[in-house]
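What's in start.txt: compact mmCIF, C-alpha atoms and all ligand atoms
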```
# COMPACT_ATOMS: atom_id res chain seq x y z
CA THR A 459 13.84 27.40 -0.43
CA ARG A 460 12.06 24.07 -0.65
CA THR A 461 11.84 21.35 1.94
CA PRO A 462 13.88 18.27 1.01
CA ALA A 463 11.95 15.32 -0.42
CA ARG A 464 10.84 12.67 2.05
CA ALA A 465 12.90 9.47 2.05
CA VAL A 466 10.35 6.70 1.42
CA ILE A 467 10.37 2.91 1.35
CA MET A 468 7.27 1.23 -0.03
CA ASP A 469 6.16 -2.28 0.94
CA HIS A 470 3.25 -3.32 -1.28
CA ASP A 471 1.48 -6.58 -2.07
CA GLY A 472 0.87 -6.33 -5.78
CA SER A 473 -2.88 -5.90 -6.12
CA LEU A 474 -4.29 -3.49 -8.72
CA ASP A 475 -4.52 -0.77 -6.14
CA ASP A 476 -0.96 -1.34 -4.87
CA LEU A 477 0.30 -1.01 -8.43
CA LEU A 478 -1.67 2.20 -8.95
CA SER A 479 -0.14 3.42 -5.68
CA LEU A 480 3.39 2.70 -6.88
CA LEU A 481 2.65 4.56 -10.12
CA LEU A 482 1.42 7.56 -8.11
CA LEU A 483 4.44 7.43 -5.82
CA THR A 484 6.84 7.56 -8.78
CA ARG A 485 5.27 10.87 -9.74
CA TYR A 486 5.62 12.46 -6.32
CA ASP A 487 8.51 14.54 -5.15
CA VAL A 488 9.80 11.82 -2.82
CA ASP A 489 13.16 10.12 -2.50
CA LEU A 490 12.23 6.49 -3.15
CA GLN A 491 14.78 4.26 -1.40
CA GLY A 492 13.41 0.85 -2.27
CA VAL A 493 10.31 -1.20 -2.94
CA ALA A 494 9.48 -4.47 -1.17
CA VAL A 495 6.86 -6.78 -2.67
CA THR A 496 5.03 -9.05 -0.23
CA PRO A 497 3.39 -12.19 -1.68
CA ALA A 498 0.04 -11.52 -0.01
CA ASP A 499 -2.70 -10.11 -2.30
CA CYS A 500 -0.68 -11.21 -5.37
CA LEU A 501 1.42 -13.87 -6.97
CA LEU A 502 4.99 -12.82 -6.35
CA ALA A 503 6.56 -13.29 -9.80
CA PRO A 504 4.16 -11.16 -11.85
CA ALA A 505 3.93 -8.57 -9.06
CA LEU A 506 7.73 -8.21 -9.05
CA SER A 507 7.83 -7.96 -12.81
CA VAL A 508 5.13 -5.29 -12.88
CA THR A 509 6.93 -3.37 -10.13
CA HIS A 510 10.09 -3.29 -12.28
CA ARG A 511 8.13 -2.20 -15.32
CA ILE A 512 6.39 0.63 -13.47
CA LEU A 513 9.77 1.85 -12.17
CA ASP A 514 11.10 1.64 -15.75
CA LEU A 515 8.15 3.71 -16.97
CA ALA A 516 9.15 6.37 -14.44
CA ASP A 517 12.81 6.12 -15.48
CA LEU A 518 13.79 4.78 -12.06
CA PRO A 519 15.64 1.54 -12.97
CA HIS A 520 18.11 2.16 -10.12
CA VAL A 521 15.46 1.76 -7.40
CA GLN A 522 15.92 -1.64 -5.77
CA VAL A 523 13.00 -4.08 -5.63
CA ALA A 524 13.13 -6.81 -2.98
CA PRO A 525 11.08 -10.01 -3.32
CA GLY A 526 9.17 -11.00 -0.20
CA SER A 527 9.64 -14.52 1.10
CA LEU A 528 7.62 -14.20 4.31
CA SER A 529 3.84 -14.31 4.39
CA GLY A 530 1.19 -14.13 7.07
CA PRO A 531 -0.87 -17.06 8.39
CA HIS A 532 -4.00 -16.15 6.39
CA PRO A 533 -3.49 -16.21 2.63
CA PHE A 534 -5.58 -13.87 0.45
CA PRO A 535 -8.26 -15.37 -1.84
CA MET A 536 -6.66 -16.75 -5.01
CA ALA A 537 -9.31 -15.00 -7.12
CA TRP A 538 -7.71 -11.69 -6.09
CA ARG A 539 -4.09 -12.76 -6.22
CA THR A 540 -3.99 -13.36 -9.98
CA ASP A 541 -4.54 -9.71 -10.96
CA ALA A 542 -0.85 -8.94 -11.49
CA LEU A 543 -0.66 -11.75 -14.08
CA ARG A 544 -3.00 -9.80 -16.34
CA VAL A 545 -1.35 -6.46 -15.58
CA GLU A 546 2.03 -7.87 -16.59
CA ALA A 547 0.71 -8.51 -20.10
CA LEU A 548 -0.75 -5.03 -20.70
CA PRO A 549 0.67 -3.42 -23.85
CA VAL A 550 1.61 -0.22 -22.03
CA LEU A 551 4.01 -2.22 -19.81
CA ASN A 552 5.43 -4.17 -22.77
CA ARG A 553 6.55 -1.43 -25.10
CA PHE A 554 10.16 -2.22 -24.21
CA PRO A 555 11.88 -5.19 -22.59
CA PRO A 556 12.51 -4.65 -18.85
CA ARG A 557 15.55 -2.45 -18.25
CA GLU A 558 18.67 -3.87 -16.70
CA ARG A 559 18.63 -3.31 -12.91
CA THR A 560 21.49 -0.98 -12.13
CA SER A 561 21.47 -1.33 -8.36
CA GLY A 562 23.04 -4.72 -7.71
CA PRO A 563 21.63 -7.78 -5.99
CA VAL A 564 18.87 -7.62 -3.42
CA LEU A 565 18.12 -9.80 -0.40
CA PRO A 566 14.69 -11.20 0.47
CA ALA A 567 12.42 -8.28 1.38
CA HIS A 568 12.57 -8.63 5.17
CA GLU A 569 16.39 -8.66 5.17
CA GLN A 570 16.68 -5.99 2.50
CA LEU A 571 14.35 -3.78 4.52
CA VAL A 572 16.90 -3.86 7.36
CA LYS A 573 19.62 -2.65 4.99
CA TRP A 574 17.47 0.06 3.51
CA ILE A 575 16.46 1.34 6.94
CA GLU A 576 20.08 1.32 8.13
CA GLN A 577 21.27 3.17 5.03
CA ALA A 578 18.46 5.67 4.64
CA ALA A 579 18.49 9.33 5.44
CA THR A 580 16.33 9.79 8.50
CA PRO A 581 13.59 10.35 9.36
CA LEU A 582 12.39 7.67 7.02
CA THR A 583 8.79 7.13 5.92
CA ILE A 584 7.64 3.55 5.34
CA LEU A 585 4.50 3.22 3.24
CA VAL A 586 2.87 -0.18 3.72
CA THR A 587 -0.08 -1.10 1.49
CA GLY A 588 -0.15 -4.81 2.35
CA PRO A 589 0.37 -6.85 5.51
CA LEU A 590 3.03 -5.67 8.00
CA THR A 591 4.91 -9.00 7.91
CA ASN A 592 8.30 -7.68 6.77
CA LEU A 593 8.36 -4.64 9.00
CA ALA A 594 7.37 -6.70 12.07
CA TRP A 595 10.22 -9.13 11.36
CA CYS A 596 12.71 -6.25 11.11
CA LEU A 597 11.58 -4.71 14.39
CA ASP A 598 11.67 -8.09 16.14
CA LYS A 599 15.18 -8.90 14.99
CA HIS A 600 16.60 -5.39 15.20
CA PRO A 601 14.53 -3.34 17.66
CA TRP A 602 16.92 -0.39 17.40
CA LEU A 603 15.77 0.19 13.81
CA GLU A 604 12.75 1.83 15.39
CA GLN A 605 14.85 5.00 15.90
CA ALA A 606 15.38 5.45 12.17
CA ILE A 607 11.73 5.35 11.18
CA GLY A 608 10.00 8.71 11.36
CA GLU A 609 6.55 7.61 10.21
CA ILE A 610 4.69 4.49 9.12
CA VAL A 611 1.86 5.14 6.68
CA PHE A 612 -0.36 2.07 6.62
CA MET A 613 -3.53 1.15 4.77
CA GLY A 614 -5.31 -1.21 7.10
CA GLY A 615 -7.88 -1.75 9.81
CA ALA A 616 -11.53 -0.85 10.29
CA PHE A 617 -12.98 0.91 13.33
CA ASP A 618 -16.61 1.98 13.00
CA VAL A 619 -17.43 0.19 9.74
CA GLU A 620 -17.61 -3.47 8.72
CA GLY A 621 -14.42 -5.26 7.81
CA ASN A 622 -13.84 -6.95 4.44
CA VAL A 623 -12.85 -10.46 5.52
CA GLU A 624 -15.36 -13.16 4.60
CA GLU A 625 -13.83 -16.39 5.81
CA PRO A 626 -15.42 -19.37 7.56
CA GLY A 627 -15.49 -18.85 11.33
CA HIS A 628 -14.69 -15.14 11.10
CA ASP A 629 -17.18 -12.45 12.12
CA GLY A 630 -16.26 -10.07 9.29
CA SER A 631 -14.98 -7.26 11.50
CA ALA A 632 -11.37 -7.29 10.24
CA GLU A 633 -9.70 -5.66 7.26
CA TRP A 634 -7.57 -7.99 5.12
CA ASN A 635 -4.13 -6.38 5.51
CA VAL A 636 -4.36 -6.77 9.28
CA TYR A 637 -6.19 -10.13 9.15
CA CYS A 638 -3.53 -11.67 6.89
CA ASP A 639 -0.93 -11.24 9.63
CA PRO A 640 -2.49 -9.93 12.86
CA LYS A 641 0.60 -10.56 15.00
CA ALA A 642 2.71 -8.51 12.61
CA ALA A 643 0.29 -5.60 12.99
CA GLN A 644 0.36 -6.08 16.75
CA ARG A 645 4.18 -6.00 16.72
CA VAL A 646 4.32 -2.80 14.70
CA PHE A 647 1.63 -1.17 16.86
CA ALA A 648 3.72 -2.05 19.94
CA THR A 649 6.44 0.41 18.85
CA GLN A 650 6.51 4.13 19.48
CA ILE A 651 6.91 4.92 15.80
CA PRO A 652 4.27 7.45 14.69
CA ILE A 653 1.65 5.59 12.63
CA THR A 654 -0.66 7.33 10.19
CA LEU A 655 -3.48 4.93 9.47
CA PHE A 656 -5.93 4.72 6.55
CA PRO A 657 -8.62 2.24 7.64
CA LEU A 658 -11.73 1.19 5.73
CA ASP A 659 -13.64 3.98 7.50
CA VAL A 660 -11.91 6.50 5.24
CA THR A 661 -11.18 4.36 2.17
CA ASN A 662 -14.92 3.54 1.88
CA GLN A 663 -15.30 7.21 0.94
CA VAL A 664 -13.37 6.71 -2.31
CA PRO A 665 -14.86 3.82 -4.29
CA VAL A 666 -13.58 3.24 -7.82
CA THR A 667 -16.47 4.92 -9.64
CA ASP A 668 -17.37 4.58 -13.28
CA GLU A 669 -16.89 8.31 -13.71
CA PHE A 670 -13.40 8.26 -12.19
CA VAL A 671 -12.24 5.36 -14.37
CA ARG A 672 -13.66 6.79 -17.58
CA ALA A 673 -12.08 10.19 -16.94
CA PHE A 674 -8.76 8.60 -17.89
CA GLY A 675 -10.11 7.99 -21.40
CA ALA A 676 -9.99 11.67 -22.20
CA HIS A 677 -6.18 11.50 -21.72
CA TYR A 678 -5.63 8.37 -23.77
CA GLY A 679 -2.17 8.12 -25.29
CA ASN A 680 -0.08 8.93 -22.25
CA PRO A 681 1.52 5.82 -20.67
CA ALA A 682 0.77 6.82 -17.09
CA SER A 683 -2.89 7.59 -17.77
CA ASP A 684 -3.23 4.46 -19.90
CA LEU A 685 -1.83 2.28 -17.11
CA ALA A 686 -3.83 4.00 -14.37
CA GLY A 687 -7.07 3.74 -16.36
CA SER A 688 -6.36 0.09 -17.18
CA LEU A 689 -5.60 -0.82 -13.55
CA LEU A 690 -8.81 0.88 -12.45
CA ALA A 691 -10.90 -0.72 -15.21
CA MET A 692 -9.64 -4.13 -14.10
CA THR A 693 -11.14 -3.58 -10.64
CA PHE A 694 -14.63 -3.87 -12.12
CA GLY A 695 -16.33 -7.17 -11.53
CA THR A 696 -14.83 -7.82 -8.11
CA VAL A 697 -18.02 -6.57 -6.46
CA GLU A 698 -19.49 -10.04 -6.93
CA THR A 699 -16.75 -11.68 -4.91
CA VAL A 700 -17.26 -9.64 -1.75
CA GLY A 701 -20.49 -7.71 -2.21
CA SER A 702 -18.72 -4.41 -1.64
CA PRO A 703 -17.08 -2.09 -4.17
CA TYR A 704 -13.40 -1.94 -4.95
CA CYS A 705 -12.04 1.20 -3.32
CA CYS A 706 -8.95 3.36 -3.73
CA TRP A 707 -7.62 1.79 -0.53
CA ASP A 708 -3.85 1.96 -1.02
CA SER A 709 -3.85 4.85 -3.46
CA LEU A 710 -5.69 6.93 -0.86
CA ALA A 711 -3.03 6.18 1.76
CA THR A 712 -0.33 6.95 -0.82
CA SER A 713 -1.88 10.29 -1.75
CA TYR A 714 -1.31 11.45 1.82
CA LEU A 715 2.41 11.70 1.09
CA ALA A 716 1.78 14.40 -1.49
CA ALA A 717 -1.56 15.84 -0.42
CA PRO A 718 -2.05 15.60 3.37
CA GLU A 719 -4.48 18.51 3.14
CA LEU A 720 -7.09 16.18 1.62
CA PHE A 721 -7.67 14.59 5.04
CA THR A 722 -8.91 15.18 8.55
CA PHE A 723 -7.32 13.08 11.29
CA ASP A 724 -8.12 11.96 14.82
CA GLN A 725 -5.87 10.48 17.45
CA VAL A 726 -7.29 7.01 18.04
CA ARG A 727 -6.24 4.68 20.87
CA CYS A 728 -6.45 1.12 19.59
CA THR A 729 -5.26 -2.47 19.73
CA VAL A 730 -5.21 -5.42 17.33
CA VAL A 731 -7.22 -8.57 18.09
CA VAL A 732 -4.94 -11.56 17.42
CA ASP A 733 -7.25 -14.54 17.98
CA GLY A 734 -10.87 -15.66 18.00
CA ALA A 735 -13.69 -14.83 15.61
CA SER A 736 -12.57 -11.17 15.32
CA GLU A 737 -8.96 -12.04 14.57
CA GLY A 738 -7.28 -9.11 12.82
CA ARG A 739 -9.81 -6.56 13.98
CA THR A 740 -8.55 -3.13 15.03
CA VAL A 741 -10.48 -1.87 18.05
CA ARG A 742 -10.61 1.32 20.02
CA ALA A 743 -9.24 0.63 23.50
CA ASP A 744 -8.30 2.92 26.37
CA ASP A 745 -5.13 0.92 27.02
CA GLY A 746 -4.17 0.84 23.34
CA ARG A 747 -1.57 2.86 21.50
CA VAL A 748 -2.34 6.14 19.80
CA VAL A 749 -2.42 6.22 16.01
CA ARG A 750 -3.10 9.18 13.79
CA CYS A 751 -6.13 7.95 11.95
CA ALA A 752 -7.55 9.48 8.76
CA ILE A 753 -11.25 10.13 9.32
CA THR A 754 -12.50 12.03 6.29
CA VAL A 755 -11.19 12.76 2.81
CA LYS A 756 -12.29 15.38 0.32
CA GLN A 757 -13.54 12.79 -2.13
CA GLU A 758 -13.67 14.85 -5.33
CA ASP A 759 -10.31 16.45 -4.57
CA PHE A 760 -8.75 13.00 -4.23
CA TYR A 761 -10.03 11.86 -7.64
CA ARG A 762 -8.84 15.16 -9.14
CA HIS A 763 -5.44 14.72 -7.50
CA CYS A 764 -5.03 11.29 -9.15
CA LEU A 765 -6.13 12.57 -12.54
CA GLN A 766 -3.79 15.54 -12.35
CA LEU A 767 -0.78 13.43 -11.43
CA LEU A 768 -1.41 10.60 -13.84
CA THR A 769 -2.43 12.40 -17.01
O1 LIG B 801 -8.32 -4.51 2.30
C1 LIG B 801 -7.80 -3.69 1.34
C2 LIG B 801 -6.47 -4.21 0.79
C3 LIG B 801 -5.72 -3.07 0.07
O2 LIG B 801 -4.36 -3.06 0.46
N1 LIG B 801 -6.56 -5.28 -0.24
C4 LIG B 801 -6.78 -4.56 -1.51
C5 LIG B 801 -5.89 -3.33 -1.42
O3 LIG B 801 -4.66 -3.60 -2.06
C6 LIG B 801 -7.39 -6.45 0.03
C7 LIG B 801 -8.74 -6.51 -0.66
C8 LIG B 801 -9.99 -6.26 -0.12
N2 LIG B 801 -10.97 -6.46 -1.06
C9 LIG B 801 -10.33 -6.83 -2.22
C10 LIG B 801 -8.93 -6.88 -1.99
C11 LIG B 801 -10.81 -7.16 -3.53
N3 LIG B 801 -12.12 -7.15 -3.84
N4 LIG B 801 -9.90 -7.49 -4.46
C12 LIG B 801 -8.58 -7.51 -4.17
N5 LIG B 801 -8.08 -7.22 -2.95
CA CA B 802 -2.59 -3.88 -0.94
```

Written as structure tokens, that's how I'd like the structure from this file.
Amino acid sequence: TRTPARAVIMDHDGSLDDLLSLLLLTRYDVDLQGVAVTPADCLLAPALSVTHRILDLADLPHVQVAPGSLSGPHPFPMAWRTDALRVEALPVLNRFPPRERTSGPVLPAHEQLVKWIEQAATPLTILVTGPLTNLAWCLDKHPWLEQAIGEIVFMGGAFDVEGNVEEPGHDGSAEWNVYCDPKAAQRVFATQIPITLFPLDVTNQVPVTDEFVRAFGAHYGNPASDLAGSLLAMTFGTVETVGSPYCCWDSLATSYLAAPELFTFDQVRCTVVVDGASEGRTVRADDGRVVRCAITVKQEDFYRHCLQLLT
């Protein structure tokens, strides 16, 4: 007997790492109910197109993709948001024209998310690798949806390490997915839904290394390995923009769905700062809510996991 596949909705924001995460997810034994694309760390049109093409690659043209129309108060740097434009033109995603979508029309992501949650087999897992804007809207408008969500898996926050926001007037303590829309994070944290969090503290342990990227070369010729290696290669050069390496942020959070044994976790009581110089910071606080927070990852096992699934 095998346990039934998890019902999963993904809400991503189209950066290289989000796209790698979607590719990974399509290779897991999960029941993918829909993909929302938030126009945060991406330009929406190419990010949507790439999302469709990755689902096509996995022979999942029936999975609905909902375009986000809401965005947080702090837009991501434009230098980062253009990545999906280049990904859309990669040969491996242009071998065939996009397949016809077989699943009918979709609403804007925040409204479609309501439908998906209502329709899904419970308990539902929502994997969020961008800001929590859509999910916060859903919970605000329809608080009873909380009952249907079994777990939120979220890449975001930073506790005992520096953040990655470098904006005028900000003290650098926040992580971008929370900083983009701090009130959305606060709204989601105010629920009783179990949250499994992958903050910078753990994602810093899995930088995109030269060795990891080049390992995909040995498997050249397979579309999944070609795309994964290309996405990872395109992360090089972003060090200059922030002075810190590109990490497997979202892909690490995603890997938890298939390989929870890679991690150790702690229960962390925390809150989200929603104004001032630390806006978007996640802080430990005795009166905060408890999240299940990934603390360590078996680094080499994570890289091996990705290589095994994508080659
Ligand atoms: O803060 C990490 C989040 C992840 O969801 N994103 C990238 C991942 O998709 C923002 C981000 C931080 N540094 C970046 C980012 C960089 N150098 N390039 C693009 N995005
Ligand atoms: Ca992301």

query = Neighbours of A:Val666 within 10 Å (only C-alpha atoms; same-chain residues fewer than 6 positions away dropped), as a ChimeraX atom specification?
reply = /A:690-691,693-694,703-707,761

message = So, with only C-alpha atoms and all ligand atoms as the atoms that count, which of A:Val636, A:Leu483, A:Leu597, A:Leu506 lies closest to ligand CA 802 (chain B)?
response =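 Of the candidates, the smallest distance to ligand CA 802 (chain B) is held by A:Val636.
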
inquiry  = With distances taken over only C-alpha atoms, which residue among A:Thr484, A:Ser683, A:Ser702, A:Thr496 lies nearest A:Ala516?
reply    =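 When distances to A:Ala516 are compared using only C-alpha atoms, the smallest one comes from A:Thr484.
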
Selection within 7 Å of ligand LIG 801 (chain B) by all atoms listed in the file, output as a ChimeraX atom specification = /A:471,473-476,499,538,587-588,613-614,622,633-635,696-697,699-700,704,707-708

ask   = Taking into account all atoms listed in the file, which residue in the set A:Asp541, A:Glu558, A:Glu604, A:Glu576 is nearest to ligand CA 802 (chain B)?
value =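 Closest residue, counting all atoms listed in the file: A:Asp541.
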
task = Find the residue from A:Thr654, A:Thr712, A:Gln725, A:Thr754 that sits nearest to ligand CA 802 (chain B); use only C-alpha atoms and all ligand atoms when measuring.
result =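 Nearest candidate to ligand CA 802 (chain B) out of A:Thr654, A:Thr712, A:Gln725, A:Thr754: A:Thr712.
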
request  = Write out as a VMD selection string each polymer residue whose atoms come within 9 Å of A:Gln650, counting only C-alpha atoms; drop sequence neighbours fewer than 3 positions from it.
outcome  = chain A and resid 604 646 to 647 653 747

Nearest to A:Thr729 by atom-to-atom distance, counting all atoms listed in the file, from A:Ala648, A:Ile753, A:Ala606, A:Leu710 =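 Distance minimum relative to A:Thr729 lands on A:Ala648.
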
inquiry  = as a list in words, please: the residues near A:Leu480 (cut-off 10 Å, only C-alpha atoms, same-chain neighbours under 6 positions excluded).
reply    = Met468, Asp469, His470, Gly472, Val493, Thr509, Ile512, Leu513, Thr587, Asp708, Ser709 and Thr712 of chain A

Selection file, C-alpha atoms, as an mmCIF file, keeping the file's coordinate frame:
```cif
data_model
loop_
_atom_site.group_PDB
_atom_site.id
_atom_site.type_symbol
_atom_site.label_atom_id
_atom_site.label_comp_id
_atom_site.auth_asym_id
_atom_site.auth_seq_id
_atom_site.Cartn_x
_atom_site.Cartn_y
_atom_site.Cartn_z
ATOM 1 C CA MET A 468 7.270 1.230 -0.030
ATOM 2 C CA ASP A 469 6.160 -2.280 0.940
ATOM 3 C CA HIS A 470 3.250 -3.320 -1.280
ATOM 4 C CA GLY A 472 0.870 -6.330 -5.780
ATOM 5 C CA VAL A 493 10.310 -1.200 -2.940
ATOM 6 C CA THR A 509 6.930 -3.370 -10.130
ATOM 7 C CA ILE A 512 6.390 0.630 -13.470
ATOM 8 C CA LEU A 513 9.770 1.850 -12.170
ATOM 9 C CA THR A 587 -0.080 -1.100 1.490
ATOM 10 C CA ASP A 708 -3.850 1.960 -1.020
ATOM 11 C CA SER A 709 -3.850 4.850 -3.460
ATOM 12 C CA THR A 712 -0.330 6.950 -0.820
#
```

key: Residue nearest A:His677 among A:Leu767, A:Arg539, A:Val732, A:Pro549 (counting all atoms listed in the file)   = A:Leu767

key: Length of the atom CA of A:Ser479 to atom CA of A:Val495 vector [Å]   =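 Atom CA of A:Ser479 sits 12.7 Å away from atom CA of A:Val495.
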
ask   = So how far away is atom CA of A:Trp595 from atom CA of A:Lys641, in Å?
value =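 So the two atoms, atom CA of A:Lys641 and atom CA of A:Trp595, lie 10.4 Å apart.
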
task = Quick one: pull the distance between atom CA of A:Gln663 and atom CA of A:Ala752, Å, one decimal.
result =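 Atom CA of A:Gln663 sits 11.2 Å away from atom CA of A:Ala752.
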
So which residues touch A:Gly492 within 9 Å, counting all atoms listed in the file, skipping near sequence neighbours fewer than 3 positions away, as a PDB file with C-alpha atoms, keeping the file's coordinate frame?
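Result file follows (around.pdb):
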```
ATOM      1  CA  VAL A 466      10.350   6.700   1.420  1.00  0.00           C
ATOM      2  CA  ILE A 467      10.370   2.910   1.350  1.00  0.00           C
ATOM      3  CA  MET A 468       7.270   1.230  -0.030  1.00  0.00           C
ATOM      4  CA  ASP A 469       6.160  -2.280   0.940  1.00  0.00           C
ATOM      5  CA  VAL A 521      15.460   1.760  -7.400  1.00  0.00           C
ATOM      6  CA  GLN A 522      15.920  -1.640  -5.770  1.00  0.00           C
ATOM      7  CA  VAL A 523      13.000  -4.080  -5.630  1.00  0.00           C
ATOM      8  CA  ALA A 524      13.130  -6.810  -2.980  1.00  0.00           C
ATOM      9  CA  GLN A 570      16.680  -5.990   2.500  1.00  0.00           C
ATOM     10  CA  LEU A 571      14.350  -3.780   4.520  1.00  0.00           C
ATOM     11  CA  TRP A 574      17.470   0.060   3.510  1.00  0.00           C
TER      12      TRP A 574
END
```
